[in-house]
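*Asks:* entry-v9.txt is reproduced below (compact mmCIF, C-alpha atoms).
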```
# COMPACT_ATOMS: atom_id res chain seq x y z
CA MET M 6 0.00 0.00 0.00
CA ALA M 7 1.06 3.50 -0.53
CA ASP M 8 1.87 5.51 2.50
CA ILE M 9 1.59 9.10 3.35
CA ASP M 10 5.17 10.13 3.65
CA VAL M 11 5.46 13.25 5.69
CA GLY M 12 9.09 13.59 6.50
CA SER M 13 12.22 11.67 6.08
CA ASP M 14 13.50 9.93 9.09
CA GLY M 15 16.76 11.70 8.52
CA GLY M 16 18.85 8.59 8.68
CA GLY M 17 22.46 9.14 9.63
CA HIS M 18 22.23 12.71 10.95
CA LYS M 19 23.55 13.38 14.31
CA LYS M 20 21.26 15.47 16.32
CA GLY M 21 23.29 17.15 18.91
CA PRO M 22 21.72 19.32 21.51
CA GLY M 23 21.39 22.77 20.15
CA VAL M 24 21.84 21.74 16.57
CA LYS M 25 18.58 22.50 14.95
CA LYS M 26 18.26 21.24 11.48
CA ALA M 27 15.54 22.30 9.16
CA LYS M 28 13.17 19.43 8.71
CA LYS M 29 13.80 17.76 5.37
CA LEU M 30 10.50 17.33 3.55
CA SER M 31 10.17 14.41 1.23
CA THR M 32 9.38 15.16 -2.36
CA ARG M 33 7.45 11.97 -2.68
CA VAL M 34 3.79 12.44 -3.30
CA ASP M 35 1.19 9.86 -2.64
CA MET M 36 -0.01 8.74 -6.03
CA THR M 37 -2.88 6.55 -4.92
CA PRO M 38 -5.74 9.03 -5.36
CA MET M 39 -4.36 9.96 -8.74
CA VAL M 40 -4.31 6.33 -9.84
CA ASP M 41 -7.81 5.89 -8.50
CA LEU M 42 -9.04 8.81 -10.49
CA GLY M 43 -7.16 7.69 -13.59
CA PHE M 44 -8.72 4.27 -13.56
CA LEU M 45 -12.12 5.66 -12.79
CA LEU M 46 -11.90 7.75 -15.94
CA ILE M 47 -10.61 4.80 -17.95
CA THR M 48 -13.57 2.68 -16.92
CA PHE M 49 -15.88 5.53 -17.81
CA PHE M 50 -14.42 5.88 -21.27
CA ILE M 51 -14.36 2.14 -21.86
CA PHE M 52 -18.04 1.93 -21.09
CA THR M 53 -19.12 4.89 -23.15
CA THR M 54 -16.98 4.21 -26.16
CA THR M 55 -18.29 2.49 -29.25
CA MET M 56 -15.43 0.52 -30.64
CA SER M 57 -16.82 -1.57 -33.40
CA THR M 58 -18.30 0.58 -36.09
CA PRO M 59 -21.38 -1.04 -37.53
CA ASN M 60 -21.44 -2.19 -41.09
CA THR M 61 -24.17 -1.75 -43.60
CA MET M 62 -25.69 -4.14 -46.03
CA ALA M 63 -27.09 -2.63 -49.18
CA LEU M 64 -30.54 -3.76 -50.21
CA ASN M 65 -32.35 -2.84 -53.36
CA VAL M 66 -35.98 -3.61 -53.77
CA PRO M 67 -38.01 -3.38 -56.95
CA LYS M 68 -40.83 -0.96 -57.47
CA LYS M 69 -44.21 -2.53 -57.02
CA THR M 70 -45.59 -2.77 -60.46
CA GLU M 71 -48.96 -3.85 -61.71
CA ASP M 72 -47.63 -3.84 -65.21
CA GLU M 73 -47.33 -7.45 -66.33
CA ASP M 74 -44.75 -6.60 -68.98
CA LYS M 75 -42.28 -5.28 -66.48
CA ARG M 76 -42.37 -8.33 -64.27
CA ILE M 77 -39.45 -10.64 -64.47
CA ASP M 78 -40.34 -14.22 -65.09
CA VAL M 79 -38.24 -16.78 -63.37
CA LYS M 80 -37.73 -20.18 -64.85
CA GLU M 81 -39.10 -22.76 -62.50
CA SER M 82 -36.00 -24.88 -62.79
CA ASN M 83 -33.79 -21.95 -61.78
CA ALA M 84 -35.62 -20.98 -58.65
CA LEU M 85 -35.06 -21.81 -55.03
CA THR M 86 -37.60 -20.61 -52.51
CA ILE M 87 -36.58 -20.20 -48.90
CA MET M 88 -39.30 -19.64 -46.33
CA LEU M 89 -38.95 -18.43 -42.78
CA GLY M 90 -41.31 -19.15 -39.94
CA LYS M 91 -41.34 -18.84 -36.19
CA SER M 92 -37.93 -19.65 -34.83
CA SER M 93 -36.54 -20.76 -31.51
CA GLU M 94 -33.22 -22.05 -30.19
CA ALA M 95 -33.97 -25.59 -31.25
CA ASN M 96 -35.90 -24.84 -34.39
CA PRO M 97 -34.49 -22.29 -36.82
CA GLY M 98 -37.79 -22.17 -38.71
CA LEU M 99 -36.22 -22.50 -42.11
CA TYR M 100 -37.98 -24.21 -45.01
CA TYR M 101 -37.33 -24.45 -48.69
CA TYR M 102 -38.40 -26.00 -51.95
CA LEU M 103 -36.88 -26.17 -55.38
CA GLY M 104 -38.79 -24.94 -58.37
CA GLN M 105 -42.52 -24.81 -57.95
CA LEU M 106 -44.30 -25.96 -54.84
CA GLU M 107 -46.25 -29.17 -55.43
CA ALA M 108 -49.95 -29.00 -54.72
CA ASP M 109 -49.61 -31.65 -52.04
CA GLY M 110 -46.51 -29.97 -50.63
CA SER M 111 -44.32 -33.02 -51.24
CA ASN M 112 -41.22 -31.02 -52.14
CA PHE M 113 -41.57 -28.74 -49.13
CA LYS M 114 -38.55 -29.39 -46.93
CA THR M 115 -37.48 -28.37 -43.47
CA SER M 116 -33.93 -27.16 -43.10
CA ASN M 117 -31.56 -25.21 -40.89
CA PHE M 118 -28.85 -22.64 -41.36
CA ALA M 119 -26.10 -25.23 -41.58
CA ASP M 120 -27.78 -27.21 -44.34
CA ILE M 121 -29.30 -24.40 -46.37
CA ARG M 122 -25.88 -23.25 -47.53
CA GLN M 123 -25.25 -26.58 -49.19
CA VAL M 124 -28.68 -26.45 -50.80
CA ILE M 125 -27.91 -23.01 -52.23
CA VAL M 126 -24.45 -24.04 -53.40
CA ASP M 127 -25.74 -27.20 -55.08
CA LYS M 128 -28.62 -25.47 -56.80
CA ARG M 129 -26.37 -22.68 -57.97
CA LYS M 130 -23.91 -25.16 -59.44
CA GLU M 131 -26.69 -27.00 -61.17
CA VAL M 132 -28.16 -23.85 -62.70
CA MET M 133 -24.73 -22.69 -63.79
CA SER M 134 -23.85 -26.00 -65.37
CA ARG M 135 -26.99 -25.88 -67.46
CA HIS M 136 -26.17 -22.39 -68.63
CA LEU M 137 -22.74 -23.42 -69.87
CA HIS M 138 -24.28 -25.30 -72.75
CA GLU M 139 -25.98 -22.21 -74.06
CA ASN M 140 -22.53 -20.83 -74.57
CA SER M 141 -23.71 -17.28 -75.09
CA CYS M 142 -21.83 -15.25 -72.57
CA GLN M 143 -18.15 -15.51 -73.35
CA GLU M 144 -18.14 -11.83 -74.20
CA ILE M 145 -19.47 -10.88 -70.79
CA GLN M 146 -16.95 -13.12 -69.16
CA GLN M 147 -14.15 -11.53 -71.11
CA LYS M 148 -15.29 -8.10 -69.97
CA ALA M 149 -15.36 -9.23 -66.36
CA LYS M 150 -11.91 -10.71 -66.79
CA ASP M 151 -10.58 -7.48 -68.21
CA LYS M 152 -11.97 -5.61 -65.24
CA ASN M 153 -10.12 -8.03 -63.01
CA LYS M 154 -13.16 -9.18 -61.15
CA PRO M 155 -12.46 -11.97 -58.70
CA ASN M 156 -14.87 -14.51 -60.12
CA TRP M 157 -15.10 -13.61 -63.76
CA GLN M 158 -15.54 -17.28 -64.68
CA ASN M 159 -18.97 -17.15 -63.11
CA ALA M 160 -20.08 -13.87 -64.64
CA CYS M 161 -23.22 -14.25 -66.67
CA LEU M 162 -23.54 -17.90 -65.73
CA ASP M 163 -24.90 -17.21 -62.30
CA LYS M 164 -27.41 -14.58 -63.23
CA ASP M 165 -30.12 -17.12 -63.96
CA PHE M 166 -30.21 -18.51 -60.46
CA VAL M 167 -32.90 -16.81 -58.43
CA VAL M 168 -33.56 -17.20 -54.74
CA VAL M 169 -36.95 -16.14 -53.47
CA ILE M 170 -37.11 -15.37 -49.77
CA LYS M 171 -40.47 -15.52 -48.08
CA PRO M 172 -40.66 -14.71 -44.40
CA ASN M 173 -44.03 -15.23 -42.78
CA LYS M 174 -45.62 -13.07 -40.08
CA GLU M 175 -43.81 -14.82 -37.25
CA ALA M 176 -40.36 -14.80 -38.79
CA LYS M 177 -37.66 -12.83 -37.03
CA TYR M 178 -35.98 -9.88 -38.70
CA GLY M 179 -32.60 -11.23 -37.60
CA ARG M 180 -33.19 -14.57 -39.32
CA THR M 181 -34.30 -12.76 -42.47
CA ILE M 182 -31.01 -10.89 -42.46
CA ASP M 183 -29.19 -14.18 -41.94
CA VAL M 184 -30.78 -15.53 -45.09
CA LEU M 185 -29.96 -12.35 -47.01
CA ASP M 186 -26.45 -12.80 -45.72
CA GLU M 187 -26.34 -16.29 -47.15
CA MET M 188 -26.95 -14.66 -50.52
CA ALA M 189 -23.81 -12.58 -50.07
CA ILE M 190 -21.86 -15.55 -48.74
CA ASN M 191 -22.76 -17.77 -51.67
CA ASP M 192 -22.52 -15.06 -54.27
CA VAL M 193 -26.14 -15.24 -55.35
CA LYS M 194 -26.78 -12.35 -57.70
CA ALA M 195 -30.54 -12.41 -57.95
CA PHE M 196 -32.72 -12.69 -54.90
CA ALA M 197 -35.97 -11.15 -53.81
CA VAL M 198 -37.93 -10.83 -50.61
CA VAL M 199 -41.52 -11.65 -51.41
CA ASP M 200 -44.75 -12.00 -49.45
CA ILE M 201 -45.58 -15.54 -48.49
CA THR M 202 -48.55 -17.30 -50.08
CA PRO M 203 -51.32 -18.74 -47.88
CA GLN M 204 -50.47 -22.26 -49.02
CA GLU M 205 -46.85 -21.94 -47.97
CA ASN M 206 -47.82 -20.33 -44.71
CA GLU M 207 -50.17 -23.20 -43.94
CA LEU M 208 -47.45 -25.72 -44.65
CA ILE M 209 -45.10 -23.95 -42.27
CA ILE M 210 -47.69 -23.82 -39.52
CA LYS M 211 -48.58 -27.45 -40.10
CA THR M 212 -44.92 -28.49 -39.90
CA GLN M 213 -44.41 -26.52 -36.73
CA GLY M 214 -47.58 -27.80 -35.15
CA GLY M 215 -46.59 -31.38 -35.86
CA LYS M 216 -43.42 -31.10 -33.88
CA MET W 21 16.30 -13.76 25.63
CA PRO W 22 17.48 -11.95 22.63
CA SER W 23 14.70 -11.39 20.22
CA ILE W 24 15.36 -11.54 16.52
CA LYS W 25 14.60 -8.26 14.97
CA ILE W 26 12.99 -8.45 11.59
CA PRO W 27 13.94 -5.39 9.66
CA ARG W 28 10.87 -3.41 8.89
CA LYS W 29 10.50 -2.98 5.23
CA SER W 30 8.42 -0.23 3.79
CA THR W 31 5.40 -1.48 1.95
CA ALA W 32 5.29 1.64 -0.16
CA THR W 33 5.71 0.97 -3.84
CA ASP W 34 6.55 3.47 -6.42
CA MET W 35 3.32 4.30 -8.12
CA THR W 36 4.75 6.44 -10.86
CA PRO W 37 4.95 3.85 -13.69
CA PHE W 38 1.51 2.71 -12.75
CA VAL W 39 0.20 6.23 -13.12
CA ASP W 40 2.03 6.58 -16.40
CA VAL W 41 0.34 3.54 -17.84
CA ALA W 42 -3.04 4.53 -16.46
CA PHE W 43 -2.90 7.92 -18.03
CA LEU W 44 -1.58 6.58 -21.29
CA ILE W 45 -4.59 4.29 -21.56
CA LEU W 46 -6.83 7.10 -20.43
CA SER W 47 -5.59 9.45 -23.11
CA PHE W 48 -6.01 6.72 -25.70
CA PHE W 49 -9.62 6.20 -24.77
CA MET W 50 -10.29 9.90 -24.62
CA LEU W 51 -9.00 10.37 -28.13
CA ALA W 52 -10.47 7.20 -29.59
CA THR W 53 -13.85 7.50 -28.00
CA LYS W 54 -16.92 8.51 -29.80
CA PHE W 55 -19.94 8.87 -27.65
CA LYS W 56 -22.86 6.65 -28.29
CA PRO W 57 -25.65 8.71 -29.71
CA PRO W 58 -28.69 8.77 -27.48
CA GLU W 59 -30.82 5.76 -28.22
CA PRO W 60 -34.51 5.83 -27.55
CA ALA W 61 -34.64 2.06 -27.27
CA PRO W 62 -31.93 -0.58 -27.09
CA ILE W 63 -31.41 -2.21 -30.47
CA SER W 64 -29.07 -5.12 -31.07
CA THR W 65 -28.49 -5.43 -34.76
CA PRO W 66 -28.10 -8.73 -36.58
CA LYS W 67 -24.75 -9.79 -37.97
CA SER W 68 -23.75 -9.89 -41.59
CA VAL W 69 -20.63 -10.51 -43.65
CA SER W 70 -21.09 -7.23 -45.46
CA ALA W 71 -17.92 -5.16 -45.56
CA ASP W 72 -19.38 -1.71 -46.21
CA GLN W 73 -18.56 0.65 -43.42
CA LEU W 74 -21.18 2.88 -41.94
CA THR W 75 -20.04 6.42 -42.59
CA GLU W 76 -21.15 9.79 -41.36
CA GLU W 77 -23.25 11.10 -44.16
CA ASN W 78 -26.41 12.88 -44.91
CA ALA W 79 -28.71 10.19 -43.76
CA VAL W 80 -32.22 9.24 -42.91
CA LEU W 81 -32.21 6.52 -40.30
CA VAL W 82 -35.19 4.39 -39.47
CA GLU W 83 -34.85 2.20 -36.40
CA PHE W 84 -37.15 -0.41 -35.00
CA ASP W 85 -36.72 -2.27 -31.75
CA SER W 86 -37.68 -5.81 -30.76
CA THR W 87 -41.28 -4.87 -30.05
CA GLY W 88 -41.64 -3.13 -33.40
CA ARG W 89 -41.62 0.50 -32.27
CA VAL W 90 -40.35 2.60 -35.14
CA PHE W 91 -38.11 5.65 -34.80
CA PHE W 92 -37.13 8.19 -37.39
CA SER W 93 -34.09 10.42 -37.34
CA MET W 94 -32.05 12.41 -39.79
CA SER W 95 -28.45 13.53 -39.76
CA VAL W 96 -26.48 15.90 -41.93
CA LYS W 97 -22.81 15.83 -42.76
CA LYS W 98 -21.94 19.48 -43.05
CA PRO W 99 -22.71 22.03 -40.33
CA GLU W 100 -24.22 24.43 -42.85
CA HIS W 101 -26.88 21.88 -43.60
CA GLU W 102 -28.08 21.80 -40.00
CA ARG W 103 -30.86 24.13 -41.00
CA LEU W 104 -32.34 21.35 -43.14
CA LYS W 105 -33.58 19.82 -39.92
CA ARG W 106 -35.51 22.99 -39.32
CA THR W 107 -36.89 22.93 -42.83
CA LEU W 108 -38.06 19.37 -42.29
CA ILE W 109 -39.91 20.02 -39.06
CA GLU W 110 -41.42 23.23 -40.41
CA THR W 111 -42.73 21.40 -43.46
CA ILE W 112 -44.24 18.71 -41.25
CA ASN W 113 -45.64 21.40 -38.98
CA THR W 114 -47.41 23.15 -41.84
CA SER W 115 -48.66 20.07 -43.64
CA LYS W 116 -49.95 18.42 -40.48
CA ASN W 117 -51.16 21.60 -38.79
CA LEU W 118 -49.40 20.80 -35.56
CA GLY W 119 -48.97 24.37 -34.36
CA LEU W 120 -45.47 23.85 -32.99
CA THR W 121 -43.89 26.69 -31.07
CA GLU W 122 -40.40 28.04 -31.72
CA ALA W 123 -39.08 26.19 -28.66
CA GLU W 124 -40.52 22.91 -29.88
CA ILE W 125 -38.97 23.33 -33.29
CA ARG W 126 -35.63 23.96 -31.62
CA SER W 127 -36.08 20.84 -29.57
CA PHE W 128 -36.39 18.84 -32.78
CA GLU W 129 -33.27 20.48 -34.18
CA ARG W 130 -31.29 19.39 -31.15
CA ASN W 131 -32.50 15.81 -31.26
CA THR W 132 -34.20 14.62 -34.41
CA VAL W 133 -35.13 11.20 -33.07
CA ILE W 134 -38.88 10.90 -33.38
CA GLY W 135 -40.81 7.92 -32.15
CA VAL W 136 -44.37 9.11 -31.79
CA PRO W 137 -47.37 9.55 -34.08
CA PHE W 138 -48.09 13.06 -35.38
CA ARG W 139 -50.84 13.68 -32.85
CA GLU W 140 -48.40 13.23 -29.96
CA LEU W 141 -45.58 15.10 -31.63
CA LYS W 142 -46.26 18.51 -30.09
CA ALA W 143 -46.44 17.14 -26.56
CA THR W 144 -43.27 15.10 -27.06
CA LEU W 145 -41.26 17.99 -28.45
CA ALA W 146 -42.29 20.10 -25.46
CA ILE W 147 -40.20 17.78 -23.28
CA PRO W 148 -36.47 18.67 -23.19
CA PRO W 149 -34.55 16.67 -25.83
CA ASP W 150 -32.46 14.70 -23.37
CA ASP W 151 -35.32 13.15 -21.48
CA ARG W 152 -37.73 12.95 -24.33
CA TYR W 153 -37.85 9.17 -24.35
CA LYS W 154 -37.48 8.38 -20.68
CA LYS W 155 -40.88 6.89 -20.94
CA LEU W 156 -40.93 4.55 -23.92
CA PRO W 157 -42.87 6.06 -26.80
CA ALA W 158 -45.41 4.38 -29.02
CA GLY W 159 -43.34 4.52 -32.19
CA ILE W 160 -44.28 5.93 -35.58
CA PRO W 161 -47.21 4.06 -37.16
CA THR W 162 -46.31 2.07 -40.27
CA ASP W 163 -49.63 0.32 -40.88
CA SER W 164 -50.89 0.12 -44.40
CA THR W 165 -53.81 2.45 -43.58
CA ASN W 166 -51.82 5.00 -41.63
CA ASN W 167 -48.20 4.94 -42.70
CA GLU W 168 -46.87 8.09 -41.07
CA LEU W 169 -43.30 6.96 -41.52
CA ALA W 170 -43.75 7.27 -45.27
CA GLU W 171 -44.61 10.95 -44.78
CA TRP W 172 -41.52 11.52 -42.68
CA ILE W 173 -39.31 9.90 -45.30
CA THR W 174 -40.99 11.69 -48.18
CA THR W 175 -40.60 15.04 -46.44
CA ALA W 176 -36.97 14.39 -45.56
CA LYS W 177 -36.30 13.28 -49.11
CA SER W 178 -37.77 16.42 -50.62
CA THR W 179 -35.96 18.56 -48.06
CA PHE W 180 -32.61 17.16 -49.16
CA TYR W 181 -33.64 17.29 -52.79
CA ASN W 182 -34.68 20.94 -52.65
CA GLU W 183 -31.38 21.88 -51.05
CA SER W 184 -29.29 20.29 -53.73
CA ARG W 185 -30.22 17.92 -56.51
CA SER W 186 -26.91 16.18 -56.41
CA MET W 187 -26.72 15.64 -52.69
CA GLN W 188 -26.17 12.04 -51.82
CA VAL W 189 -28.48 10.88 -49.09
CA PHE W 190 -28.34 7.48 -47.47
CA TYR W 191 -31.41 5.71 -46.27
CA MET W 192 -30.66 3.33 -43.49
CA ILE W 193 -32.69 0.80 -41.60
CA LYS W 194 -31.52 -0.42 -38.25
CA GLY W 195 -33.57 -3.24 -36.88
CA ASP W 196 -33.41 -5.42 -33.83
CA ASN W 197 -32.42 -9.05 -34.16
CA ASN W 198 -35.57 -10.21 -32.40
CA ALA W 199 -38.08 -8.01 -34.13
CA VAL W 200 -40.66 -9.87 -36.18
CA TYR W 201 -40.58 -9.61 -39.94
CA PRO W 202 -43.78 -7.51 -40.31
CA SER W 203 -42.12 -4.56 -38.53
CA PHE W 204 -39.39 -4.63 -41.14
CA ASP W 205 -41.99 -5.00 -43.85
CA GLY W 206 -43.78 -1.88 -42.57
CA VAL W 207 -40.58 0.13 -42.87
CA VAL W 208 -39.90 -1.25 -46.34
CA GLU W 209 -43.44 -0.32 -47.33
CA ALA W 210 -42.89 3.23 -46.03
CA MET W 211 -39.70 3.48 -48.07
CA ARG W 212 -41.57 2.20 -51.08
CA ARG W 213 -44.27 4.80 -50.68
CA ALA W 214 -41.60 7.45 -50.48
CA ASP W 215 -40.23 6.15 -53.78
CA GLN W 216 -37.06 4.97 -52.14
CA PHE W 217 -35.98 1.58 -53.39
CA SER W 218 -32.42 1.35 -52.31
CA TYR W 219 -31.24 1.50 -48.74
CA LYS W 220 -28.75 0.11 -46.30
CA LEU W 221 -29.36 -2.21 -43.44
CA VAL W 222 -27.23 -1.58 -40.40
CA THR W 223 -25.57 -4.75 -39.16
CA ASP W 224 -22.68 -5.89 -37.02
CA PRO W 225 -19.62 -7.20 -38.81
CA LYS W 226 -18.99 -10.92 -39.11
CA GLU W 227 -16.34 -12.94 -40.90
CA ALA W 228 -17.24 -14.83 -44.04
CA PRO W 229 -17.49 -18.52 -43.14
CA ALA W 230 -14.51 -20.55 -44.26
CA GLY W 231 -14.94 -22.52 -47.44
CA SER W 232 -17.79 -20.45 -48.80
CA GLU W 233 -17.83 -18.66 -52.13
CA LEU W 234 -17.41 -15.24 -50.54
CA TYR W 235 -14.51 -16.49 -48.41
CA ARG W 236 -12.77 -17.78 -51.49
CA GLN W 237 -13.29 -14.48 -53.29
CA ARG W 238 -11.96 -12.48 -50.38
CA GLN W 239 -8.92 -14.72 -50.08
CA GLN W 240 -8.31 -14.26 -53.78
CA ALA W 241 -8.65 -10.50 -53.53
CA ARG W 242 -6.21 -10.49 -50.62
CA GLY W 243 -3.78 -12.66 -52.53
CA ALA W 244 -4.03 -10.40 -55.57
CA SER W 245 -3.17 -7.33 -53.53
CA VAL W 246 -0.10 -8.99 -52.05
CA THR W 247 1.28 -10.16 -55.37
CA PRO W 248 0.20 -7.76 -58.05
```
Once more with this new file: its structure as structure tokens, please.
*Replies:*
Amino acid sequence: MADIDVGSDGGGHKKGPGVKKAKKLSTRVDMTPMVDLGFLLITFFIFTTTMSTPNTMALNVPKKTEDEDKRIDVKESNALTIMLGKSSEANPGLYYYLGQLEADGSNFKTSNFADIRQVIVDKRKEVMSRHLHENSCQEIQQKAKDKNKPNWQNACLDKDFVVVIKPNKEAKYGRTIDVLDEMAINDVKAFAVVDITPQENELIIKTQGGK
Amino acid sequence: MPSIKIPRKSTATDMTPFVDVAFLILSFFMLATKFKPPEPAPISTPKSVSADQLTEENAVLVEFDSTGRVFFSMSVKKPEHERLKRTLIETINTSKNLGLTEAEIRSFERNTVIGVPFRELKATLAIPPDDRYKKLPAGIPTDSTNNELAEWITTAKSTFYNESRSMQVFYMIKGDNNAVYPSFDGVVEAMRRADQFSYKLVTDPKEAPAGSELYRQRQQARGASVTP
């Protein structure tokens, strides 16, 4: 512990009678309060500071259009639909189907965040492999290569693959962002957030109720 | 009996290096710190791999918390544009017939975070800016029948547009991880009504998972910059 040092003990001085020496004052200052204050301020600044600057994720949505001509048709075989329902720790509430949903819901599948990545990757590969045969986009690839884009080999090939994201009323915003994030992770160029259809919603509720 | 004398050692330690270090850290934090802007409600944002940094810009920020309360705020980059905040509230005041006093308008200028419907706006602005949201507000309505947020965004948009046609304004949405999707949908709908189709979602940074397409691309980009 620090002490309060008022005078030196004058070691070694002979104090004869009549010899009056001026008291030598120590120059040592007790630092403890200063340290206390210093650390108090540090804690204050640590707590108030915002260290990690948040990032932003750009999102572009289309204009709502009633005009049939302006709507983009998606080939059934190129589409993957991911649906989000109520989620909990045990159940991520993630569902998907490839292409069009069967009337009896037989291709409706339950998934989770670990598996959905593989589904996206596989479907993307499949769509891209089919495009290769059309052999129409070498020019676009060349342009991407000239611009030194990291994955120019995929340019133009991956534009056909469309992921449709449909969160229902109970889906969490955070999980929706996670799915959007999967799009960035797997380099999916075309994706859209769309309202869920009653049939899909029913299937989700039925699946959740069954568990 | 002779007693063994243990020499008394002083327990005093030299505090000086300790103080040096303490104040070094202190000065670091003082310089590096940036105070958290006042938040009306705690919002923990979801994580994403996105690498775009959030910058201080002319911005319209829409926040919603876990219970779906929506807040609107605007910020300007240059000090000379501070008056745009005044223009915004005056436009709202006239169009909505709120009858705001000079003091209330000033209160908005000092803190533009709004989280109440128009009918409560006057009463809320009468409270000093710092304790405006001590009691949690209702949030701006974003229902399809009464989407007041759309009016806020539209007004802010035209305010920026009238100032300068070329001014770049960012529209940002900051949502809570645990909010339900419809609250996000309401905000998106408001943006849509304001003819705003491109915006940024505020998220916390996260690394791209190893082995994924994005990870591969980023590794490649890193490798390319090392060996040109």
*Asks:* Given only C-alpha atoms as the basis, pick out the residue of M:Thr212, M:Asn173, M:Gln204, M:Asn96 nearest to chain W.
*Replies:* M:Asn173
*Asks:* What are the residues of chain W that have an atom within 8 Å of an atom of chain M, counting only C-alpha atoms, as a PyMOL selection string?
*Replies:* chain W and resi 31-33+35-36+38-39+42-43+45-46+49-50+52-56+65-74+195-202+204+212+217-225+228-229+232-235+237+240-241
*Asks:* What does the structure give for the distance between CA of Glu94 (chain M) and CA of Val207 (chain W), in Å to one decimal?
*Replies:* 26.6 Å
*Asks:* Separation of CA of Pro137 (chain W) and CA of Asp215 (chain W), in Å?
*Replies:*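 Between CA of Pro137 (chain W) and CA of Asp215 (chain W) the gap is 21.2 Å.
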*Asks:* Identify, on the basis of only C-alpha atoms, every residue whose closest approach to region 107-121 of chain W does not exceed 12 Å; exclude the query and any residue fewer than 6 positions from it along the same chain; express the result as a PyMOL selection string.
*Replies:* chain W and resi 80+93-95+101+127-134+137-146+168-169+171-183
*Asks:* Write out the residues from the selection above, keeping C-alpha atoms, as an mmCIF file, in the frame of the given file.
*Replies:*
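Wrote it out as result03.cif, contents follow:
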```
data_model
loop_
_atom_site.group_PDB
_atom_site.id
_atom_site.type_symbol
_atom_site.label_atom_id
_atom_site.label_comp_id
_atom_site.auth_asym_id
_atom_site.auth_seq_id
_atom_site.Cartn_x
_atom_site.Cartn_y
_atom_site.Cartn_z
ATOM 1 C CA VAL W 80 -32.220 9.240 -42.910
ATOM 2 C CA SER W 93 -34.090 10.420 -37.340
ATOM 3 C CA MET W 94 -32.050 12.410 -39.790
ATOM 4 C CA SER W 95 -28.450 13.530 -39.760
ATOM 5 C CA HIS W 101 -26.880 21.880 -43.600
ATOM 6 C CA SER W 127 -36.080 20.840 -29.570
ATOM 7 C CA PHE W 128 -36.390 18.840 -32.780
ATOM 8 C CA GLU W 129 -33.270 20.480 -34.180
ATOM 9 C CA ARG W 130 -31.290 19.390 -31.150
ATOM 10 C CA ASN W 131 -32.500 15.810 -31.260
ATOM 11 C CA THR W 132 -34.200 14.620 -34.410
ATOM 12 C CA VAL W 133 -35.130 11.200 -33.070
ATOM 13 C CA ILE W 134 -38.880 10.900 -33.380
ATOM 14 C CA PRO W 137 -47.370 9.550 -34.080
ATOM 15 C CA PHE W 138 -48.090 13.060 -35.380
ATOM 16 C CA ARG W 139 -50.840 13.680 -32.850
ATOM 17 C CA GLU W 140 -48.400 13.230 -29.960
ATOM 18 C CA LEU W 141 -45.580 15.100 -31.630
ATOM 19 C CA LYS W 142 -46.260 18.510 -30.090
ATOM 20 C CA ALA W 143 -46.440 17.140 -26.560
ATOM 21 C CA THR W 144 -43.270 15.100 -27.060
ATOM 22 C CA LEU W 145 -41.260 17.990 -28.450
ATOM 23 C CA ALA W 146 -42.290 20.100 -25.460
ATOM 24 C CA GLU W 168 -46.870 8.090 -41.070
ATOM 25 C CA LEU W 169 -43.300 6.960 -41.520
ATOM 26 C CA GLU W 171 -44.610 10.950 -44.780
ATOM 27 C CA TRP W 172 -41.520 11.520 -42.680
ATOM 28 C CA ILE W 173 -39.310 9.900 -45.300
ATOM 29 C CA THR W 174 -40.990 11.690 -48.180
ATOM 30 C CA THR W 175 -40.600 15.040 -46.440
ATOM 31 C CA ALA W 176 -36.970 14.390 -45.560
ATOM 32 C CA LYS W 177 -36.300 13.280 -49.110
ATOM 33 C CA SER W 178 -37.770 16.420 -50.620
ATOM 34 C CA THR W 179 -35.960 18.560 -48.060
ATOM 35 C CA PHE W 180 -32.610 17.160 -49.160
ATOM 36 C CA TYR W 181 -33.640 17.290 -52.790
ATOM 37 C CA ASN W 182 -34.680 20.940 -52.650
ATOM 38 C CA GLU W 183 -31.380 21.880 -51.050
#
```
*Asks:* CA of Leu85 (chain M) and CA of Leu103 (chain M), how far apart in Å?
*Replies:*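 For CA of Leu103 (chain M) relative to CA of Leu85 (chain M), the distance reads 4.7 Å.
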*Asks:* Box for region 175-194 of chain W - axis-aligned, 5 Å on each of the six sides, all listed atoms - centre and size in Å to one decimal, as AutoDock Vina command-line options.
*Replies:*
```
--center_x -33.4 --center_y 10.7 --center_z -47.4 --size_x 24.4 --size_y 32.3 --size_z 28.3
```
